[in-house]
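my_file_33.cif follows (mmCIF, C-alpha atoms):
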data_final
#
loop_
_atom_site.label_atom_id
_atom_site.label_comp_id
_atom_site.auth_asym_id
_atom_site.auth_seq_id
_atom_site.Cartn_x
_atom_site.Cartn_y
_atom_site.Cartn_z
CA MET Z 12 30.15 2.71 -7.71
CA SER Z 13 31.80 0.43 -10.21
CA ARG Z 14 31.33 1.39 -13.82
CA PHE Z 15 31.82 -2.10 -15.27
CA ALA Z 16 30.16 -5.43 -14.54
CA PRO Z 17 31.27 -9.03 -15.16
CA GLY Z 18 31.10 -9.81 -18.87
CA ASP Z 19 31.55 -6.22 -20.02
CA ALA Z 20 33.86 -5.74 -22.98
CA VAL Z 21 36.54 -3.17 -22.16
CA ARG Z 22 39.61 -1.65 -23.74
CA VAL Z 23 42.74 -0.67 -21.85
CA ARG Z 24 43.65 2.93 -22.59
CA ASP Z 25 46.41 3.28 -25.14
CA SER Z 26 48.21 5.73 -22.94
CA TRP Z 27 51.95 5.94 -22.24
CA PRO Z 28 52.47 8.25 -19.26
CA GLU Z 29 55.95 6.80 -18.65
CA ALA Z 30 57.03 8.66 -21.77
CA GLU Z 31 56.11 12.00 -20.17
CA GLY Z 32 58.07 11.80 -16.93
CA PRO Z 33 58.33 9.94 -13.62
CA VAL Z 34 55.21 7.89 -12.89
CA HIS Z 35 54.23 4.72 -11.09
CA ILE Z 36 51.64 2.69 -12.96
CA ARG Z 37 50.30 -0.83 -12.60
CA THR Z 38 49.10 -1.42 -16.13
CA PRO Z 39 51.62 -3.59 -18.02
CA HIS Z 40 52.73 -2.20 -21.37
CA TYR Z 41 51.58 -5.24 -23.33
CA LEU Z 42 47.92 -4.57 -22.48
CA ARG Z 43 47.76 -0.93 -23.60
CA GLY Z 44 45.11 -0.46 -26.24
CA ARG Z 45 44.00 -4.11 -25.92
CA GLU Z 46 40.45 -5.39 -25.59
CA GLY Z 47 39.40 -7.72 -22.80
CA VAL Z 48 36.40 -8.82 -20.77
CA VAL Z 49 35.72 -8.05 -17.13
CA LEU Z 50 35.78 -11.26 -15.08
CA ARG Z 51 34.81 -9.62 -11.80
CA PRO Z 52 35.25 -6.49 -9.73
CA LEU Z 53 37.93 -6.82 -7.03
CA GLY Z 54 36.89 -4.00 -4.71
CA GLN Z 55 38.22 -0.47 -4.27
CA PHE Z 56 41.80 0.52 -3.57
CA PRO Z 57 43.57 3.85 -3.13
CA ASN Z 58 45.11 4.82 -6.43
CA PRO Z 59 48.73 3.56 -6.37
CA GLU Z 60 49.70 6.22 -8.91
CA ASP Z 61 49.10 8.79 -6.16
CA LEU Z 62 50.29 6.70 -3.22
CA ALA Z 63 53.64 6.26 -4.92
CA PHE Z 64 54.21 10.01 -4.71
CA GLY Z 65 52.73 10.50 -1.24
CA ARG Z 66 49.72 12.35 -2.68
CA PRO Z 67 46.16 12.00 -1.34
CA ALA Z 68 44.86 8.88 -3.06
CA PRO Z 69 41.15 8.44 -3.78
CA SER Z 70 39.89 4.85 -3.76
CA ILE Z 71 39.06 3.55 -7.19
CA PRO Z 72 37.51 0.29 -8.45
CA LEU Z 73 39.84 -2.52 -9.45
CA TYR Z 74 38.79 -5.27 -11.87
CA HIS Z 75 40.08 -8.64 -12.93
CA VAL Z 76 40.09 -8.48 -16.72
CA ARG Z 77 40.62 -11.39 -19.15
CA PHE Z 78 42.50 -11.00 -22.44
CA ALA Z 79 43.01 -13.53 -25.22
CA GLN Z 80 46.75 -14.25 -25.30
CA ASP Z 81 46.85 -14.68 -29.06
CA SER Z 82 45.32 -11.25 -29.58
CA ILE Z 83 48.57 -9.86 -28.18
CA TRP Z 84 51.16 -12.47 -29.18
CA PRO Z 85 49.75 -14.44 -32.12
CA GLU Z 86 52.05 -17.42 -31.49
CA ASN Z 87 50.57 -18.03 -28.02
CA GLN Z 88 48.00 -20.83 -27.95
CA PRO Z 89 44.45 -19.92 -28.99
CA GLY Z 90 42.06 -20.15 -26.02
CA ASP Z 91 44.75 -19.25 -23.47
CA GLU Z 92 44.18 -16.09 -21.46
CA PHE Z 93 45.78 -13.40 -19.38
CA LEU Z 94 43.99 -12.35 -16.22
CA VAL Z 95 45.18 -9.00 -14.90
CA GLU Z 96 44.11 -6.50 -12.24
CA ILE Z 97 43.30 -3.20 -13.95
CA TYR Z 98 42.14 0.01 -12.27
CA GLU Z 99 38.96 1.60 -13.59
CA HIS Z 100 40.58 4.78 -14.91
CA TRP Z 101 42.65 2.64 -17.28
CA LEU Z 102 39.51 1.09 -18.84
CA GLU Z 103 37.02 2.29 -21.40
CA ALA Z 104 33.96 0.52 -22.80
CA ALA Z 105 34.79 -1.46 -25.94
CA MET Y 25 50.98 -4.36 -33.59
CA LEU Y 26 53.17 -6.43 -31.29
CA PRO Y 27 53.87 -5.00 -27.83
CA GLU Y 28 57.57 -4.62 -28.64
CA ASP Y 29 56.65 -2.07 -31.30
CA ALA Y 30 54.88 0.12 -28.73
CA PRO Y 31 56.20 3.61 -28.04
CA ALA Y 32 57.58 3.60 -24.52
CA ARG Y 33 58.01 0.55 -22.32
CA ALA Y 34 59.61 1.24 -18.94
CA HIS Y 35 62.62 -0.93 -18.13
CA HIS Y 36 61.01 -2.83 -15.22
CA ASP Y 37 57.88 -3.59 -17.30
CA MET Y 38 59.28 -6.91 -18.50
CA GLY Y 39 56.30 -8.90 -19.72
CA GLY Y 40 57.14 -10.52 -23.04
CA VAL Y 41 60.38 -8.62 -23.61
CA SER Y 42 62.17 -10.43 -26.44
CA ARG Y 43 65.63 -9.89 -24.97
CA PHE Y 44 64.80 -12.57 -22.38
CA ALA Y 45 62.88 -14.91 -24.69
CA CYS Y 46 65.79 -17.35 -24.87
CA GLU Y 47 67.23 -16.74 -21.41
CA GLN Y 48 67.08 -19.75 -19.11
CA VAL Y 49 65.38 -19.32 -15.76
CA ASP Y 50 67.81 -19.84 -12.88
CA LYS Y 51 65.79 -22.25 -10.76
CA SER Y 52 68.50 -22.96 -8.21
CA HIS Y 53 67.76 -22.16 -4.58
CA HIS Y 54 69.24 -18.87 -3.42
CA GLU Y 55 69.40 -18.73 0.35
CA MET Y 56 68.51 -15.35 1.85
CA THR Y 57 71.73 -13.67 2.99
CA PRO Y 58 71.95 -11.66 6.23
CA PHE Y 59 71.96 -8.56 3.99
CA ASP Y 60 68.75 -9.67 2.30
CA ARG Y 61 67.03 -10.40 5.61
CA ASP Y 62 68.10 -7.07 7.11
CA VAL Y 63 66.81 -5.14 4.11
CA ASP Y 64 63.57 -7.11 4.15
CA ALA Y 65 63.02 -6.45 7.86
CA LEU Y 66 63.75 -2.72 7.45
CA ARG Y 67 61.22 -2.53 4.66
CA GLN Y 68 58.51 -4.28 6.70
CA VAL Y 69 59.13 -2.15 9.78
CA LEU Y 70 59.26 1.13 7.83
CA GLY Y 71 56.04 0.06 6.09
CA GLY Y 72 54.43 -0.62 9.45
CA THR Y 73 55.30 2.86 10.72
CA GLY Y 74 53.22 4.34 7.90
CA LEU Y 75 56.28 6.30 6.77
CA PHE Y 76 56.43 4.59 3.48
CA ARG Y 77 54.25 2.50 1.19
CA THR Y 78 54.87 -0.39 -1.16
CA ASP Y 79 53.90 1.96 -3.99
CA GLU Y 80 56.73 4.30 -3.04
CA LEU Y 81 59.19 1.40 -2.74
CA ARG Y 82 58.18 0.37 -6.23
CA ARG Y 83 58.50 3.88 -7.62
CA GLY Y 84 62.03 4.08 -6.22
CA ILE Y 85 62.96 0.73 -7.78
CA GLU Y 86 61.39 1.64 -11.12
CA GLY Y 87 63.30 4.92 -11.10
CA LEU Y 88 66.70 3.22 -11.03
CA PRO Y 89 68.73 3.57 -14.22
CA PRO Y 90 68.32 0.38 -16.30
CA ASP Y 91 71.97 -0.64 -15.89
CA VAL Y 92 71.76 -0.31 -12.11
CA TYR Y 93 68.45 -2.21 -12.09
CA ASP Y 94 70.01 -5.06 -14.07
CA ARG Y 95 73.23 -5.42 -12.13
CA SER Y 96 71.70 -5.04 -8.66
CA SER Y 97 70.24 -7.88 -6.66
CA TYR Y 98 66.60 -7.75 -5.68
CA TYR Y 99 67.33 -6.53 -2.15
CA GLN Y 100 69.98 -4.08 -3.32
CA ARG Y 101 67.23 -2.43 -5.40
CA TRP Y 102 65.03 -2.30 -2.31
CA LEU Y 103 67.80 -0.69 -0.31
CA TYR Y 104 68.48 2.01 -2.92
CA SER Y 105 64.77 2.77 -3.08
CA MET Y 106 64.24 2.87 0.69
CA VAL Y 107 67.18 5.19 1.28
CA ARG Y 108 66.01 7.45 -1.50
CA MET Y 109 62.46 7.59 -0.13
CA MET Y 110 63.62 8.33 3.42
CA LEU Y 111 65.82 11.14 2.07
CA GLU Y 112 62.96 12.46 -0.06
CA LYS Y 113 60.63 12.53 2.96
CA GLY Y 114 63.22 14.13 5.19
CA VAL Y 115 63.21 11.22 7.65
CA ILE Y 116 66.97 11.29 7.24
CA THR Y 117 69.19 13.89 5.61
CA GLU Y 118 72.11 13.53 3.22
CA ALA Y 119 74.41 15.10 5.80
CA GLU Y 120 73.43 12.55 8.43
CA LEU Y 121 73.87 9.69 6.00
CA ARG Y 122 77.26 11.00 4.81
CA ALA Y 123 78.45 11.31 8.40
CA ARG Y 124 77.39 7.72 9.09
CA LEU Y 125 79.04 6.40 5.95
CA SER Y 126 82.36 8.05 6.68
CA ALA Y 127 82.37 7.01 10.36
CA MET O 24 74.37 11.93 -3.62
CA ASN O 25 74.55 8.91 -5.91
CA LEU O 26 73.47 6.04 -3.71
CA THR O 27 74.21 3.42 -6.31
CA GLU O 28 77.94 4.14 -6.17
CA ILE O 29 78.13 3.27 -2.48
CA PRO O 30 78.94 -0.37 -1.68
CA THR O 31 75.61 -1.79 -0.56
CA ASP O 32 76.90 -3.41 2.65
CA ARG O 33 78.17 -0.02 3.78
CA LEU O 34 75.01 1.72 2.67
CA LEU O 35 72.85 -0.76 4.60
CA ALA O 36 74.95 -0.47 7.75
CA GLY O 37 74.88 3.33 7.61
CA PHE O 38 71.17 3.58 6.80
CA ARG O 39 70.14 1.00 9.38
CA GLY O 40 72.32 2.58 12.06
CA LEU O 41 70.92 6.00 11.32
CA LEU O 42 67.30 4.85 11.52
CA LEU O 43 68.02 3.10 14.82
CA GLU O 44 69.83 6.13 16.23
CA LYS O 45 66.92 8.38 15.30
CA GLY O 46 64.41 5.96 16.77
CA VAL O 47 62.58 5.52 13.46
CA VAL O 48 62.96 1.75 13.87
CA THR O 49 63.98 -0.39 16.82
CA GLU O 50 66.05 -3.57 17.03
CA ALA O 51 63.07 -5.30 18.63
CA ALA O 52 60.76 -4.41 15.74
CA LEU O 53 63.35 -5.55 13.16
CA ARG O 54 63.83 -8.84 14.99
CA GLN O 55 60.08 -9.34 15.24
CA SER O 56 59.65 -8.73 11.52
CA ASP O 57 62.39 -11.20 10.65
CA GLU O 58 60.81 -13.82 12.92
CA THR O 59 57.40 -13.32 11.36
CA MET O 60 58.90 -13.91 7.92
CA GLN O 61 60.62 -17.11 9.07
CA ALA O 62 57.20 -18.48 10.09
CA ALA O 63 55.81 -18.04 6.58
CA SER O 64 56.63 -20.90 4.21
CA PRO O 65 55.35 -22.96 1.29
CA ALA O 66 54.50 -25.62 3.88
CA ARG O 67 51.83 -23.33 5.25
CA GLY O 68 50.43 -22.86 1.76
CA ALA O 69 50.43 -26.64 1.35
CA GLU O 70 48.38 -27.02 4.55
CA VAL O 71 45.86 -24.50 3.22
CA VAL O 72 45.54 -26.40 -0.06
CA ALA O 73 45.22 -29.78 1.68
CA ARG O 74 42.45 -28.39 3.87
CA ALA O 75 40.63 -27.07 0.79
CA TRP O 76 40.93 -30.54 -0.81
CA THR O 77 39.35 -32.21 2.21
CA ASP O 78 36.81 -29.61 3.35
CA GLU O 79 34.35 -28.37 0.72
CA GLY O 80 33.07 -25.49 2.87
CA PHE O 81 36.62 -24.26 3.49
CA ARG O 82 37.40 -24.51 -0.22
CA ALA O 83 34.47 -22.23 -1.05
CA ARG O 84 35.44 -19.72 1.63
CA LEU O 85 39.08 -19.77 0.49
CA LEU O 86 38.12 -18.95 -3.10
CA ALA O 87 35.77 -16.19 -1.92
CA ASP O 88 38.22 -14.50 0.47
CA GLY O 89 41.65 -16.03 1.00
CA THR O 90 42.76 -13.73 3.79
CA ARG O 91 39.70 -14.46 5.93
CA ALA O 92 39.64 -18.17 5.19
CA VAL O 93 43.23 -18.79 6.31
CA GLU O 94 42.45 -17.07 9.62
CA GLU O 95 40.41 -20.18 10.42
CA MET O 96 43.75 -22.01 10.39
CA GLY O 97 45.36 -19.49 12.73
CA ILE O 98 47.21 -17.71 9.92
CA PHE O 99 46.89 -13.93 10.18
CA LEU O 100 48.21 -11.98 7.22
CA ILE O 101 48.31 -8.72 9.12
CA GLY O 102 49.32 -5.70 7.11
CA ALA O 103 49.58 -7.78 3.94
CA PRO O 104 47.57 -7.17 0.75
CA PRO O 105 44.48 -9.38 0.34
CA LEU O 106 45.18 -13.01 -0.55
CA GLY O 107 43.37 -14.18 -3.67
CA VAL O 108 43.17 -17.87 -4.57
CA VAL O 109 42.55 -19.16 -8.11
CA GLU O 110 41.49 -22.75 -8.60
CA ASN O 111 42.76 -25.16 -11.24
CA ASP O 112 40.37 -27.69 -12.73
CA ALA O 113 40.26 -29.98 -15.75
CA ALA O 114 39.43 -27.06 -18.06
CA LEU O 115 41.65 -24.31 -16.69
CA HIS O 116 45.20 -24.07 -15.29
CA HIS O 117 46.51 -20.91 -13.63
CA LEU O 118 50.09 -19.63 -13.68
CA ILE O 119 51.04 -16.65 -11.49
CA VAL O 120 53.64 -14.06 -12.47
CA CYS O 121 54.33 -10.43 -11.66
CA THR O 122 55.79 -8.87 -14.79
CA LEU O 123 56.22 -5.44 -13.17
CA CYS O 124 58.04 -6.49 -10.01
CA SER O 125 57.65 -9.62 -7.90
CA CYS O 126 54.25 -9.59 -6.15
CA TYR O 127 54.01 -12.90 -4.32
CA PRO O 128 51.85 -14.09 -1.40
CA ARG O 129 54.88 -13.73 0.87
CA ALA O 130 52.88 -13.29 4.07
CA LEU O 131 51.68 -16.88 3.60
CA LEU O 132 54.45 -18.56 1.55
CA GLY O 133 57.53 -16.66 2.73
CA TYR O 134 60.19 -14.96 0.63
CA PRO O 135 59.59 -15.31 -3.11
CA PRO O 136 61.99 -17.79 -4.74
CA HIS O 137 64.83 -16.39 -6.79
CA TRP O 138 63.43 -17.64 -10.10
CA TYR O 139 60.10 -15.90 -9.52
CA LYS O 140 61.87 -12.52 -9.35
CA SER O 141 64.08 -13.15 -12.40
CA ALA O 142 63.76 -11.17 -15.60
CA ALA O 143 63.63 -14.40 -17.61
CA PHE O 144 60.60 -15.72 -15.73
CA ARG O 145 58.81 -12.36 -15.75
CA ALA O 146 59.34 -11.92 -19.48
CA ARG O 147 58.63 -15.46 -20.62
CA ALA O 148 55.56 -16.17 -18.48
CA VAL O 149 53.39 -14.02 -20.74
CA ARG O 150 55.09 -14.72 -24.07
CA ASP O 151 55.00 -18.42 -24.91
CA PRO O 152 54.09 -19.44 -21.34
CA ARG O 153 53.47 -23.03 -22.42
CA GLY O 154 57.00 -23.16 -23.77
CA LEU O 155 58.30 -21.80 -20.48
CA LEU O 156 56.45 -24.45 -18.46
CA ARG O 157 57.63 -27.24 -20.75
CA GLU O 158 61.26 -26.18 -21.12
CA GLU O 159 61.93 -25.08 -17.56
CA TRP O 160 59.73 -27.34 -15.45
CA GLY O 161 58.76 -30.19 -17.78
CA THR O 162 55.14 -29.27 -17.19
CA GLU O 163 52.67 -30.21 -19.94
CA LEU O 164 49.03 -29.34 -19.40
CA PRO O 165 46.53 -32.11 -20.10
CA ALA O 166 44.92 -31.90 -23.54
CA GLY O 167 41.92 -29.59 -23.50
CA THR O 168 43.16 -27.53 -20.53
CA ARG O 169 43.32 -23.79 -21.16
CA LEU O 170 46.13 -21.78 -19.59
CA ARG O 171 45.28 -18.60 -17.75
CA VAL O 172 48.32 -16.51 -16.83
CA VAL O 173 47.58 -14.26 -13.87
CA ASP O 174 49.80 -11.17 -14.03
CA SER O 175 49.81 -10.02 -10.42
CA THR O 176 50.46 -6.33 -10.78
CA ALA O 177 48.27 -4.53 -8.31
CA ASP O 178 46.63 -4.93 -4.94
CA TYR O 179 46.11 -8.67 -4.45
CA ARG O 180 48.57 -11.47 -3.90
CA TRP O 181 47.54 -14.59 -5.82
CA MET O 182 48.04 -18.26 -5.03
CA VAL O 183 47.00 -21.30 -7.05
CA LEU O 184 44.75 -24.00 -5.61
CA PRO O 185 46.01 -26.99 -7.63
CA ARG O 186 43.85 -29.96 -8.63
CA ARG O 187 43.89 -32.79 -6.16
CA PRO O 188 45.91 -35.59 -7.78
CA SER O 189 44.16 -38.82 -8.66
CA GLY O 190 45.12 -41.79 -6.53
CA THR O 191 44.80 -39.83 -3.29
CA GLU O 192 41.27 -40.95 -2.38
CA GLY O 193 40.94 -41.38 1.36
CA TRP O 194 44.19 -39.53 2.18
CA ASP O 195 44.06 -37.18 5.16
CA ALA O 196 45.07 -33.53 4.98
CA ALA O 197 48.54 -34.06 6.47
CA ARG O 198 49.43 -36.69 3.89
CA LEU O 199 48.04 -34.57 1.05
CA ALA O 200 50.02 -31.52 2.22
CA GLY O 201 53.21 -33.56 1.79
CA LEU O 202 52.59 -33.70 -1.97
CA ILE O 203 52.53 -29.95 -2.53
CA ARG O 204 55.60 -27.92 -3.49
CA ASP O 205 56.04 -24.15 -3.71
CA THR O 206 56.06 -24.42 -7.50
CA ASP O 207 52.59 -26.02 -7.45
CA LEU O 208 51.24 -22.97 -5.60
CA ILE O 209 52.37 -20.68 -8.43
CA GLY O 210 51.29 -23.08 -11.17
CA VAL O 211 54.63 -23.82 -12.80
CA THR O 212 54.23 -27.47 -11.76
CA ILE O 213 51.32 -29.81 -11.08
CA PRO O 214 51.30 -32.05 -7.99
CA THR O 215 51.10 -35.80 -8.47
CA ALA O 216 50.67 -38.65 -6.01
#
Just give me the structure as C-alpha cells.
Amino acid sequence: MSRFAPGDAVRVRDSWPEAEGPVHIRTPHYLRGREGVVLRPLGQFPNPEDLAFGRPAPSIPLYHVRFAQDSIWPENQPGDEFLVEIYEHWLEAA
Amino acid sequence: MLPEDAPARAHHDMGGVSRFACEQVDKSHHEMTPFDRDVDALRQVLGGTGLFRTDELRRGIEGLPPDVYDRSSYYQRWLYSMVRMMLEKGVITEAELRARLSA
Amino acid sequence: MNLTEIPTDRLLAGFRGLLLEKGVVTEAALRQSDETMQAASPARGAEVVARAWTDEGFRARLLADGTRAVEEMGIFLIGAPPLGVVENDAALHHLIVCTLCSCYPRALLGYPPHWYKSAAFRARAVRDPRGLLREEWGTELPAGTRLRVVDSTADYRWMVLPRRPSGTEGWDAARLAGLIRDTDLIGVTIPTA
C-alpha cells in the first residue's frame, strides 16, 4: 500500500548516507530536507539501494513529487517546478 | 540554506553545482565510436543475462574517484564499472583478466 | 588491480574476449543488441508524437502508459524501464534532465546525445534552467508558461510530448513528424511549423 496520495505535502528526509560509506541512492542532494507535494504515485519498484549491491530488494512505492524551484534556488523563477521520482522511504509527511 | 552548503554531495550528483554554472554545453554531435558501441552492447547483453543490473552499473560509476569520473568518457566509465562488477561477482577473476591483458 | 590505469581500448578488448571465451556473452547476442540500438532513433519518437497530435485516443493512452501505447505502433521496449510521457501545453512546459547520471528513453530514441550526458547540462538544468534554455538553445517560453524540470533519477524514462505548432491544421502525421527534433522530445527546444 502507498502511504501518500496525490496532493499530500511531503518532506524529503534530510539524510546524507553518502557521508557514511558506499551507497547508491536516487534522491538528488538538492532535494534533501525540502518540502514538496505528491503529484501521483508511479507504482512499486524494487529498492535500487539494495539492487545496486546485489541484495534482496523489496518493492517500494515510488512517487512523482513537485517542488517549487525558488524554494531551493531563490533566483529561479517563481511558479517554476521540479518534478522528481522519490521512493517512499525518503519521504515523510510535512 | 542553499544546496551547495549541504554536508555531503557525491561527485556524480551534479544538479545545480556552481562549478558548472558558467560552463557552456557542448551541443555538437558526437558520433558513437566502435568502442562506445561495443561497450554499450556488452552492457545490454550482460543486463539481459540477469548477471548485472543498471543499479550496479550506476554504483560502479558513482564509485569512481572524482578525477577519473571527470576525465573519462561516458562509455569509459561504463567499462570500468562493468569490469569491476564482473570481478566482484566472480564472473571473471583478476588472474584471468591479467592473463588476457598481457597476451 | 587498478582498472583505471589500463588503457581503455586494451581493457575492453581483454574484458570482451574473456566474456566471449567463457561463454558469458556471445558474438550473436552482441550483434543483436547493437542492431536493436541502431533501430531506435529520435525519428521514432517523432512518429509517436505526430500520432498523438492526430489521434486523441492514442494521446490519452500514451500519457497513461507510454510503453503500452507505443506497442500499438509496433515499438516494443523490451527489457527497458517504463516509458513515461509528459505533455506540454500553454500553461506548462517540461524539460527533462538526469542530474545523477543520464537516464534517457534510449529504447525509443536511441543513444542519448552527448550534451544530455554533460556535466554542464546536468548542473544547469536545475539551477537557472530558463537561462540554460535561452543561452544554449535560444528557447524562450511564451509569457505565462510555467517551467517544470523533470529530474529523471529513478525507474522511468521520460519523454516530452510537445505542443502541436500553430499553422499545421490539416497536416497528416508523416508531415508533422518531420517537424520534430530530438531536442523537442527533451524540451530544450519547441517545434515550429
Taking 4 positions as the minimum chain separation for residues in the same chain, which residues sit within 7 Å of range 51-55 of chain Z when counting only C-alpha atoms? Answer as an MDAnalysis selection string. chainID Z and resid 16:17 70:75
Using only C-alpha atoms, find each residue of range 59-85 of chain Y with at least one atom at most 10 Å away from an atom of range 27-49 of chain O; report its shortest atom-to-atom pair and that distance in Å (one decimal), sort the rows by chain and rising residue number, and return the result as a tab-separated table.
residue	atom	partner	partner_atom	distance
Y:Phe59	CA	O:Asp32	CA	7.3
Y:Asp62	CA	O:Leu35	CA	8.3
Y:Val63	CA	O:Leu35	CA	7.5
Y:Leu66	CA	O:Arg39	CA	7.6
Y:Val69	CA	O:Val48	CA	6.8
Y:Leu70	CA	O:Val48	CA	7.1
Y:Gly72	CA	O:Val48	CA	9.9
Y:Thr73	CA	O:Val47	CA	8.2
Y:Leu75	CA	O:Val47	CA	9.2
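CA of Asp79 in chain Y is positioned 6.0 Å from CA of Leu62 in chain Z.
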CA of Leu208 in chain O to CA of Tyr99 in chain Y: how many Å, to one decimal? 23.3 Å
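Residues matched by the PyMOL selection byres ((chain Z) within 7 of (chain Y)) in this structure: Z:Trp27, Z:Glu29, Z:Ala30, Z:His35, Z:Pro39, Z:His40, Z:Tyr41, Z:Pro59, Z:Leu62, Z:Ala63, Z:Phe64, Z:Ile83, Z:Trp84.
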Could you dump the residues just selected with C-alpha atoms as an mmCIF file, in the frame of the given file?
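Writing done, so here's result.cif:
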data_model
loop_
_atom_site.group_PDB
_atom_site.id
_atom_site.type_symbol
_atom_site.label_atom_id
_atom_site.label_comp_id
_atom_site.auth_asym_id
_atom_site.auth_seq_id
_atom_site.Cartn_x
_atom_site.Cartn_y
_atom_site.Cartn_z
ATOM 1 C CA TRP Z 27 51.950 5.940 -22.240
ATOM 2 C CA GLU Z 29 55.950 6.800 -18.650
ATOM 3 C CA ALA Z 30 57.030 8.660 -21.770
ATOM 4 C CA HIS Z 35 54.230 4.720 -11.090
ATOM 5 C CA PRO Z 39 51.620 -3.590 -18.020
ATOM 6 C CA HIS Z 40 52.730 -2.200 -21.370
ATOM 7 C CA TYR Z 41 51.580 -5.240 -23.330
ATOM 8 C CA PRO Z 59 48.730 3.560 -6.370
ATOM 9 C CA LEU Z 62 50.290 6.700 -3.220
ATOM 10 C CA ALA Z 63 53.640 6.260 -4.920
ATOM 11 C CA PHE Z 64 54.210 10.010 -4.710
ATOM 12 C CA ILE Z 83 48.570 -9.860 -28.180
ATOM 13 C CA TRP Z 84 51.160 -12.470 -29.180
#
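In this model, the gap between CA of Tyr98 in chain Y and CA of Thr176 in chain O comes to 17.0 Å.
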Near Asp64 in chain Y, within 12 Å and counting only C-alpha atoms, which residues show up once chain neighbours fewer than 4 positions away are dropped, as a PyMOL selection string? (chain Y and resi 56-60+68-71+81+98-103+106) or (chain O and resi 35+39+53-61+129+133-135)
Write out as CSV a residue-level contact list of chain O versus chain Z with cut-off 8 Å: for each qualifying residue the closest pair of atoms and the distance in Å to one decimal, counting all atoms listed in the file, rows sorted by chain and residue number upward.
residue,atom,partner,partner_atom,distance
O:Thr122,CA,Z:Pro39,CA,7.5
O:Leu123,CA,Z:Pro39,CA,6.9
O:Val149,CA,Z:Phe93,CA,7.8
O:Arg150,CA,Z:Trp84,CA,6.8
O:Asp151,CA,Z:Asn87,CA,5.4
O:Pro152,CA,Z:Asn87,CA,7.7
O:Arg169,CA,Z:Asp91,CA,5.3
O:Leu170,CA,Z:Asp91,CA,4.8
O:Arg171,CA,Z:Glu92,CA,4.6
O:Val172,CA,Z:Phe93,CA,4.8
O:Val173,CA,Z:Leu94,CA,4.7
O:Asp174,CA,Z:Val95,CA,5.2
O:Ser175,CA,Z:Val95,CA,6.5
O:Thr176,CA,Z:Arg37,CA,5.8
O:Ala177,CA,Z:Arg37,CA,6.0
O:Asp178,CA,Z:Phe56,CA,7.4
Within 6 Å of (57.1, -18.5, -10.7), in the coordinates the file gives, what residues turn up when you count only C-alpha atoms, written out as a tab-separated table (two decimals) with C-alpha atoms, in the frame of the given file?
chain	number	residue	atom	x	y	z
O	120	VAL	CA	53.64	-14.06	-12.47
O	139	TYR	CA	60.10	-15.90	-9.52
O	209	ILE	CA	52.37	-20.68	-8.43
